[in-house]
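Coordinates from upload.txt are shown below (compact mmCIF, C-alpha atoms).
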# COMPACT_ATOMS: atom_id res chain seq x y z
CA LEU D 24 46.22 40.14 -13.73
CA MET D 25 49.16 41.28 -11.64
CA THR D 26 48.83 40.89 -7.91
CA ALA D 27 50.63 43.14 -5.48
CA LYS D 28 52.70 40.12 -4.49
CA SER D 29 53.75 39.31 -8.05
CA LEU D 30 54.45 42.87 -9.11
CA ALA D 31 58.09 43.10 -10.01
CA SER D 32 60.04 46.24 -9.38
CA LYS D 33 62.41 47.76 -11.88
CA GLU D 34 65.65 49.55 -11.33
CA THR D 35 68.04 51.07 -13.77
CA VAL D 36 71.68 50.66 -12.88
CA ASN D 37 74.43 51.78 -15.25
CA GLY D 38 71.97 52.06 -18.14
CA ARG D 39 70.71 48.50 -17.80
CA CYS D 40 67.34 47.46 -16.45
CA TRP D 41 67.21 45.09 -13.50
CA PHE D 42 63.99 43.40 -12.45
CA TYR D 43 63.36 42.20 -8.93
CA SER D 44 60.52 39.97 -7.77
CA ASP D 45 59.85 37.13 -5.39
CA ASP D 46 57.53 35.62 -7.99
CA ASP D 47 58.78 34.15 -11.29
CA ASP D 48 55.47 34.62 -13.14
CA GLY D 49 55.34 38.25 -12.09
CA ILE D 50 58.78 38.80 -13.57
CA SER D 51 57.95 37.31 -16.94
CA VAL D 52 54.65 39.18 -17.37
CA TYR D 53 56.27 42.42 -16.30
CA LEU D 54 59.29 41.87 -18.51
CA ASN D 55 57.15 41.12 -21.52
CA ARG D 56 55.14 44.29 -21.04
CA GLU D 57 58.28 46.37 -20.57
CA LEU D 58 59.95 44.85 -23.60
CA HIS D 59 56.86 45.39 -25.71
CA ALA D 60 56.75 49.05 -24.67
CA MET D 61 60.46 49.45 -25.43
CA ASN D 62 60.10 47.73 -28.80
CA THR D 63 57.24 50.03 -29.74
CA VAL D 64 59.30 53.09 -28.91
CA VAL D 65 62.27 51.75 -30.86
CA ALA D 66 60.08 50.85 -33.86
CA GLN D 67 58.57 54.34 -33.91
CA LEU D 68 61.99 55.97 -33.76
CA GLN D 69 63.32 53.71 -36.50
CA THR D 70 60.41 54.61 -38.77
CA GLN D 71 60.97 58.29 -38.02
CA PHE D 72 64.65 57.92 -38.87
CA GLN D 73 63.95 56.03 -42.08
CA ASP D 74 61.34 58.54 -43.26
CA TYR D 75 63.59 61.48 -42.47
CA LEU D 76 66.57 59.97 -44.27
CA VAL D 77 64.49 59.20 -47.36
CA SER D 78 63.08 62.75 -47.35
CA LEU D 79 66.60 64.20 -47.42
CA TYR D 80 67.26 62.27 -50.65
CA GLN D 81 63.88 63.17 -52.13
CA GLN D 82 64.43 66.86 -51.45
CA GLY D 83 67.84 66.67 -53.10
CA PHE D 84 69.94 67.42 -50.04
CA LEU D 85 71.82 64.13 -50.31
CA ASP D 86 72.85 61.84 -53.15
CA ASN D 87 74.29 58.34 -53.57
CA GLN D 88 77.68 59.33 -52.21
CA PHE D 89 76.10 59.77 -48.76
CA THR D 90 74.78 56.24 -49.12
CA GLU D 91 78.34 55.09 -49.85
CA LEU D 92 79.59 56.81 -46.68
CA ARG D 93 76.95 55.04 -44.59
CA LYS D 94 78.04 51.74 -46.06
CA LEU D 95 81.58 52.42 -44.87
CA GLN D 96 80.50 52.88 -41.26
CA ASP D 97 80.90 49.80 -39.08
CA GLU D 98 80.84 48.75 -35.41
CA GLY D 99 84.48 49.74 -34.99
CA THR D 100 83.81 53.26 -36.25
CA PRO D 101 80.17 54.05 -35.44
CA ASP D 102 80.74 57.81 -35.75
CA PHE D 103 82.47 57.77 -39.12
CA VAL D 104 79.74 59.57 -41.07
CA ALA D 105 79.26 62.20 -38.38
CA GLU D 106 83.01 62.82 -38.25
CA VAL D 107 83.43 63.16 -42.00
CA VAL D 108 80.49 65.54 -42.39
CA SER D 109 81.83 67.55 -39.48
CA LEU D 110 85.15 67.88 -41.34
CA PHE D 111 83.16 68.92 -44.40
CA PHE D 112 81.25 71.64 -42.56
CA ASP D 113 84.50 72.99 -41.08
CA ASP D 114 85.93 73.02 -44.60
CA CYS D 115 82.87 74.95 -45.84
CA SER D 116 83.20 77.56 -43.13
CA LYS D 117 86.91 78.11 -43.76
CA LEU D 118 86.61 78.26 -47.55
CA ILE D 119 83.58 80.56 -47.50
CA ASN D 120 85.44 82.97 -45.21
CA SER D 121 88.52 83.11 -47.40
CA MET D 122 86.49 83.44 -50.62
CA SER D 123 84.47 86.21 -49.01
CA ARG D 124 87.67 88.10 -48.27
CA SER D 125 88.87 87.63 -51.86
CA LEU D 126 85.59 88.99 -53.22
CA GLU D 127 85.38 91.89 -50.80
CA ARG D 128 86.87 94.76 -52.80
CA PRO D 129 85.34 95.14 -56.27
CA GLU D 130 88.51 96.71 -57.68
CA ASN D 131 90.73 93.93 -56.44
CA VAL D 132 89.13 90.49 -56.70
CA ASP D 133 91.43 87.49 -56.65
CA PHE D 134 89.38 85.22 -58.95
CA LYS D 135 92.14 82.64 -58.94
CA GLN D 136 91.83 82.24 -55.20
CA VAL D 137 88.04 82.10 -55.44
CA ASP D 138 88.26 79.47 -58.18
CA SER D 139 90.60 77.42 -56.03
CA GLY D 140 88.16 77.66 -53.12
CA VAL D 141 85.21 76.62 -55.27
CA HIS D 142 87.19 73.68 -56.60
CA GLN D 143 87.95 72.49 -53.06
CA LEU D 144 84.34 72.95 -52.00
CA LYS D 145 83.02 71.10 -55.02
CA GLY D 146 85.42 68.26 -54.30
CA SER D 147 84.52 67.82 -50.68
CA SER D 148 80.77 68.30 -51.15
CA SER D 149 80.92 65.69 -53.88
CA SER D 150 82.78 63.29 -51.56
CA VAL D 151 80.14 63.42 -48.83
CA GLY D 152 77.07 63.49 -51.05
CA ALA D 153 76.09 67.08 -50.27
CA ARG D 154 74.17 67.45 -53.53
CA ARG D 155 72.77 70.96 -53.22
CA VAL D 156 76.09 72.41 -52.06
CA LYS D 157 77.84 70.70 -54.98
CA ASN D 158 75.31 72.10 -57.47
CA VAL D 159 75.82 75.66 -56.24
CA CYS D 160 79.57 75.12 -56.73
CA ILE D 161 78.96 74.31 -60.38
CA SER D 162 77.22 77.67 -60.93
CA PHE D 163 79.83 79.35 -58.75
CA LYS D 164 82.64 78.07 -60.97
CA GLU D 165 80.87 79.44 -64.05
CA CYS D 166 80.69 82.92 -62.46
CA CYS D 167 84.34 82.68 -61.58
CA ASP D 168 85.33 81.68 -65.11
CA VAL D 169 83.78 84.86 -66.54
CA GLN D 170 84.98 86.96 -63.60
CA ASN D 171 81.46 87.92 -62.59
CA ARG D 172 81.87 89.36 -59.08
CA GLU D 173 78.15 89.91 -58.49
CA GLY D 174 77.39 86.37 -59.56
CA CYS D 175 80.13 85.06 -57.32
CA LEU D 176 78.76 86.94 -54.34
CA ARG D 177 75.30 85.50 -54.96
CA CYS D 178 76.72 81.99 -55.20
CA LEU D 179 78.76 82.52 -52.06
CA GLN D 180 75.62 83.50 -50.17
CA GLN D 181 73.79 80.49 -51.56
CA VAL D 182 76.53 78.03 -50.70
CA ASP D 183 76.64 79.43 -47.17
CA TYR D 184 72.88 78.96 -46.86
CA GLU D 185 72.95 75.43 -48.27
CA TYR D 186 75.74 74.06 -46.10
CA LYS D 187 74.14 75.50 -42.95
CA MET D 188 70.78 74.03 -43.93
CA LEU D 189 72.35 70.63 -44.51
CA LYS D 190 74.21 70.87 -41.22
CA THR D 191 70.93 71.36 -39.36
CA LYS D 192 69.23 68.52 -41.23
CA LEU D 193 72.05 66.07 -40.56
CA GLN D 194 72.18 67.11 -36.91
CA ASP D 195 68.51 66.13 -36.65
CA LEU D 196 69.27 62.83 -38.37
CA PHE D 197 72.16 62.02 -36.02
CA ASN D 198 69.99 62.94 -33.02
CA LEU D 199 67.40 60.41 -34.17
CA GLU D 200 70.17 57.81 -34.41
CA LYS D 201 71.24 58.58 -30.85
CA GLN D 202 67.68 58.27 -29.62
CA ILE D 203 67.33 54.86 -31.27
CA VAL D 204 70.53 53.60 -29.68
CA GLN D 205 69.56 55.00 -26.27
CA ALA D 206 66.18 53.27 -26.52
CA GLY D 207 68.05 50.02 -27.03
CA GLY D 208 67.45 49.69 -30.78
CA ALA D 209 69.63 49.27 -33.86
CA ILE D 210 70.00 51.91 -36.55
CA PRO D 211 68.20 50.84 -39.74
CA GLN D 212 70.68 49.72 -42.37
CA HIS D 213 68.47 50.56 -45.31
CA PHE D 214 70.43 52.42 -47.96
CA PRO D 215 68.12 54.55 -50.08
CA SER D 216 69.04 54.80 -53.71
CA TYR D 217 68.95 58.41 -54.83
CA THR D 218 68.15 57.52 -58.42
CA ILE D 219 65.12 55.47 -57.42
CA LEU D 220 63.77 58.23 -55.19
CA ARG D 221 64.22 60.91 -57.84
CA PRO D 222 62.98 59.42 -61.15
CA ASP D 223 62.89 62.94 -62.63
CA ILE D 224 66.66 63.01 -62.88
CA ARG D 225 68.69 60.82 -65.19
CA PRO D 226 70.33 58.05 -63.21
CA CYS D 227 74.09 58.41 -62.81
CA LEU D 228 75.98 55.35 -63.86
CA ASP D 229 78.18 54.06 -61.08
CA ALA D 230 81.40 52.34 -62.05
CA MET F 2 75.48 44.73 -47.04
CA ALA F 3 78.59 43.54 -45.22
CA GLY F 4 78.80 40.62 -47.63
CA GLU F 5 79.36 42.99 -50.55
CA VAL F 6 82.65 44.35 -49.22
CA PRO F 7 85.61 42.12 -50.05
CA ASN F 8 88.27 41.70 -47.37
CA LEU F 9 91.79 41.96 -48.67
CA GLU F 10 93.54 41.86 -45.31
CA ALA F 11 95.19 38.52 -46.09
CA SER F 12 96.78 39.99 -49.22
CA LYS F 13 98.75 42.41 -47.02
CA LEU F 14 98.40 45.16 -49.58
CA THR F 15 99.54 48.65 -48.64
CA ALA F 16 98.46 51.98 -50.07
CA LEU F 17 99.27 55.67 -49.99
CA VAL F 18 96.56 58.33 -50.21
CA VAL F 19 97.78 61.59 -51.74
CA ASP F 20 95.19 64.37 -51.45
CA ASP F 21 95.20 67.91 -50.07
CA ASN F 22 91.56 67.89 -48.98
CA PHE F 23 90.85 66.62 -45.44
CA VAL F 24 87.42 65.30 -46.32
CA ASN F 25 88.79 63.27 -49.23
CA GLN F 26 91.70 62.05 -47.12
CA SER F 27 89.24 60.79 -44.53
CA VAL F 28 86.97 59.08 -47.04
CA HIS F 29 89.76 57.45 -49.05
CA HIS F 30 91.54 56.30 -45.89
CA LYS F 31 88.32 54.72 -44.64
CA LEU F 32 87.54 53.10 -47.98
CA LEU F 33 90.92 51.38 -47.97
CA ASP F 34 90.58 50.45 -44.28
CA ARG F 35 87.23 48.87 -44.97
CA LEU F 36 88.78 46.67 -47.62
CA GLY F 37 91.50 45.66 -45.18
CA ILE F 38 94.27 47.63 -46.91
CA LYS F 39 96.71 49.34 -44.54
CA ASN F 40 97.31 52.86 -45.73
CA ASP F 41 99.12 56.14 -45.06
CA VAL F 42 97.91 59.61 -45.96
CA VAL F 43 99.88 62.61 -47.24
CA SER F 44 98.70 66.06 -48.28
CA ASN F 45 100.51 66.80 -51.53
CA GLY F 46 102.89 65.50 -54.20
CA GLN F 47 105.98 66.69 -52.39
CA GLU F 48 105.07 64.72 -49.28
CA ALA F 49 104.42 61.67 -51.46
CA VAL F 50 107.91 61.97 -52.89
CA ASP F 51 109.44 62.58 -49.45
CA VAL F 52 107.80 59.51 -47.95
CA HIS F 53 109.34 57.38 -50.71
CA CYS F 54 112.73 59.02 -50.19
CA SER F 55 112.56 57.94 -46.58
CA GLY F 56 112.37 54.37 -47.81
CA ARG F 57 108.66 53.59 -47.67
CA ASN F 58 107.03 51.66 -50.45
CA TYR F 59 103.41 50.91 -51.28
CA ASP F 60 101.54 48.51 -53.56
CA LEU F 61 99.07 51.20 -54.56
CA ILE F 62 99.13 55.00 -54.65
CA LEU F 63 95.86 56.94 -54.96
CA MET F 64 96.99 60.22 -56.50
CA ASP F 65 94.85 63.35 -56.59
CA MET F 66 95.56 65.79 -59.42
CA ASP F 67 95.19 69.30 -57.98
CA MET F 68 97.42 69.84 -54.98
CA PRO F 69 99.58 72.71 -53.78
CA ILE F 70 103.40 72.64 -53.78
CA MET F 71 103.57 69.64 -56.14
CA ASN F 72 100.51 68.44 -58.05
CA GLY F 73 99.59 64.88 -59.06
CA ILE F 74 101.07 65.05 -62.54
CA GLN F 75 104.41 66.37 -61.27
CA ALA F 76 104.50 63.87 -58.40
CA THR F 77 103.71 60.92 -60.67
CA ARG F 78 106.49 61.92 -63.07
CA ARG F 79 108.94 62.36 -60.20
CA LEU F 80 108.11 59.00 -58.63
CA ARG F 81 108.58 57.23 -61.97
CA GLU F 82 111.90 59.05 -62.45
CA MET F 83 112.92 57.78 -59.03
CA GLY F 84 112.22 54.27 -60.26
CA ILE F 85 109.12 53.72 -58.15
CA GLU F 86 107.16 50.92 -59.79
CA SER F 87 104.14 50.94 -57.50
CA LYS F 88 100.74 51.00 -59.14
CA ILE F 89 99.54 54.59 -59.30
CA ALA F 90 95.84 55.35 -59.78
CA GLY F 91 94.93 58.93 -60.60
CA VAL F 92 91.83 60.03 -58.70
CA THR F 93 90.37 63.38 -59.61
CA THR F 94 87.26 65.38 -60.35
CA ARG F 95 88.84 66.71 -63.51
CA ALA F 96 87.77 64.39 -66.26
CA GLU F 97 88.34 66.33 -69.47
CA GLU F 98 90.12 64.24 -72.09
CA GLU F 99 93.17 66.47 -72.37
CA GLU F 100 93.75 66.56 -68.64
CA VAL F 101 93.25 62.81 -68.21
CA LYS F 102 95.66 62.18 -71.09
CA GLU F 103 98.35 64.37 -69.51
CA PHE F 104 97.87 62.68 -66.16
CA MET F 105 98.03 59.19 -67.68
CA GLU F 106 101.14 60.08 -69.64
CA ALA F 107 102.89 61.17 -66.46
CA GLY F 108 102.96 57.50 -65.52
CA LEU F 109 99.59 56.38 -64.16
CA ASN F 110 98.44 52.77 -64.32
CA ASP F 111 94.77 53.63 -63.93
CA PHE F 112 92.39 56.53 -63.53
CA GLN F 113 89.12 56.99 -61.66
CA GLU F 114 86.77 59.90 -61.35
CA LYS F 115 85.99 61.18 -57.86
CA PRO F 116 84.15 60.68 -55.62
CA LEU F 117 85.49 57.25 -54.82
CA THR F 118 83.21 54.45 -53.73
CA ILE F 119 83.84 50.87 -52.67
CA SER F 120 82.98 49.58 -56.12
CA LYS F 121 85.25 52.12 -57.86
CA LEU F 122 88.11 51.15 -55.58
CA VAL F 123 87.51 47.44 -56.23
CA SER F 124 87.51 48.26 -59.93
CA ILE F 125 90.92 49.96 -59.58
CA LEU F 126 92.31 46.96 -57.69
CA HIS F 127 90.93 44.64 -60.33
CA ASN F 128 92.34 46.69 -63.24
CA LEU F 129 95.74 46.77 -61.57
CA GLU F 130 95.58 43.04 -60.90
CA LEU F 131 95.94 43.60 -57.17
CA TYR F 132 92.70 41.78 -56.52
CA VAL F 133 91.08 38.93 -58.35
CA GLN F 134 87.41 38.32 -57.64
CA THR F 135 86.70 34.63 -56.94
As a first step, turn the structure in this file into structure tokens.
Amino acid sequence: LMTAKSLASKETVNGRCWFYSDDDDGISVYLNRELHAMNTVVAQLQTQFQDYLVSLYQQGFLDNQFTELRKLQDEGTPDFVAEVVSLFFDDCSKLINSMSRSLERPENVDFKQVDSGVHQLKGSSSSVGARRVKNVCISFKECCDVQNREGCLRCLQQVDYEYKMLKTKLQDLFNLEKQIVQAGGAIPQHFPSYTILRPDIRPCLDA
Amino acid sequence: MAGEVPNLEASKLTALVVDDNFVNQSVHHKLLDRLGIKNDVVSNGQEAVDVHCSGRNYDLILMDMDMPIMNGIQATRRLREMGIESKIAGVTTRAEEEEVKEFMEAGLNDFQEKPLTISKLVSILHNLELYVQT
């Protein structure tokens, strides 16, 4: 039981908690309760993060290449994944705009330019593990090869939708990471294996 | 996880990333960094040639195939003509036999399909005898 005398007060200065008390026992009881509360919050956030990450693989948004990117991140470069995916989304936006212009006039479609754009998009989506975007690019290339303008326009719309969807999902994921760090926790280093989470697809053989 | 990534810093290996895509440049640069390999990045074959003309040399060159101005095949041929004996690994999404053959014949020492991962990069280093696993 905490007495008024032993009750420690808490102050946050520069993001760190400072406890004041004229009673040692009061400090330790108070600290333990505070730490327990903090740990519970952190544990809940970590579970949320984990579950969300796994769901992104299960729903096919991400594949093993995203796992590889996470492995590359370290203490020196804690924002590596966020930075690379940001570059990717910028790339998407640029390429979709230029392909849209090339497809604009039915009598004058530059399929070579579109093909070049799709190739770039397929390459970068593949490099970050953006599975759905990459898969649309595969269909997109096929439409390009047979000079199917309507098909290309459909694929363009789909690729636009998919990259924006992924952008939102990853933003949510990074926000969860931030919350974990702010609550004083560490980001879970579990690396889901795409092939284990999706047994319906044939496993890809890594080198 | 950290234990899986070999550290080659002591070997003082250097590398050149040749790729026109910013995302790939970023990923390949980081992959090499993570292994402790100092590396530069250029955006096409012409820049790769230019950087060698300015006197720079690298142990390993990661060469993309499709690039504007000068592609990977042309750049590889040019570098070999210039007498550059660095190990060149072709890295590309194009994996059809004919294309790989043409790329290899331009003067590659090794070839890997994109996207690159730590294990694929270690495999390249191993194939090129730049890294021996103990």
Q: For CA of Gly146 in chain D and CA of Ser120 in chain F, determine how far apart the two atoms are, in Å to one decimal place.
A: 18.9 Å
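In chain D, the set of residues within 7 Å of chain F (atoms considered: only C-alpha atoms) is Glu91, Leu95, Val107, Leu110, Phe111, Gly146, Ser147, Ser149, Ser150 and Ala230 of chain D.
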Dump as an mmCIF file, keeping the file's coordinate frame, selection limited to C-alpha atoms:
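The resulting again09.cif:
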data_model
loop_
_atom_site.group_PDB
_atom_site.id
_atom_site.type_symbol
_atom_site.label_atom_id
_atom_site.label_comp_id
_atom_site.auth_asym_id
_atom_site.auth_seq_id
_atom_site.Cartn_x
_atom_site.Cartn_y
_atom_site.Cartn_z
ATOM 1 C CA GLU D 91 78.340 55.090 -49.850
ATOM 2 C CA LEU D 95 81.580 52.420 -44.870
ATOM 3 C CA VAL D 107 83.430 63.160 -42.000
ATOM 4 C CA LEU D 110 85.150 67.880 -41.340
ATOM 5 C CA PHE D 111 83.160 68.920 -44.400
ATOM 6 C CA GLY D 146 85.420 68.260 -54.300
ATOM 7 C CA SER D 147 84.520 67.820 -50.680
ATOM 8 C CA SER D 149 80.920 65.690 -53.880
ATOM 9 C CA SER D 150 82.780 63.290 -51.560
ATOM 10 C CA ALA D 230 81.400 52.340 -62.050
#
Q. For Ile119 in chain D, which residue out of D:Arg154, D:Lys187, D:Lys201, D:Arg93 is the nearest one, using only C-alpha atoms?
A. D:Lys187
Q: Check the smallest atom-to-atom distance from each of D:Gln202, D:Asn87, D:Asn131, D:Gln170 to Ala153 in chain D using all atoms listed in the file, then report the winner.
A: D:Asn87
Q) At a cut-off of 7 Å from (94.2, 45.9, -49.1) in the coordinates of the file, what residues are picked up using only C-alpha atoms, written as JSON, numbers by chain? A) {"F": [9, 10, 12, 13, 14, 15, 33, 36, 37, 38, 39]}
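Comparing the minimum interatomic distances between Glu82 in chain F and each of F:Val43, F:Val19, F:Ala49, F:Ala107, counting all atoms listed in the file, we find that F:Ala107 sits nearest.
The interatomic distance for the pair CA of Arg155 in chain D and CA of Phe84 in chain D works out to 5.5 Å.
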Q.
To one decimal place in Å, what is the distance between CA of Phe112 in chain F and CA of Lys164 in chain D?
A.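 That distance, rounded to one decimal, is 23.8 Å.
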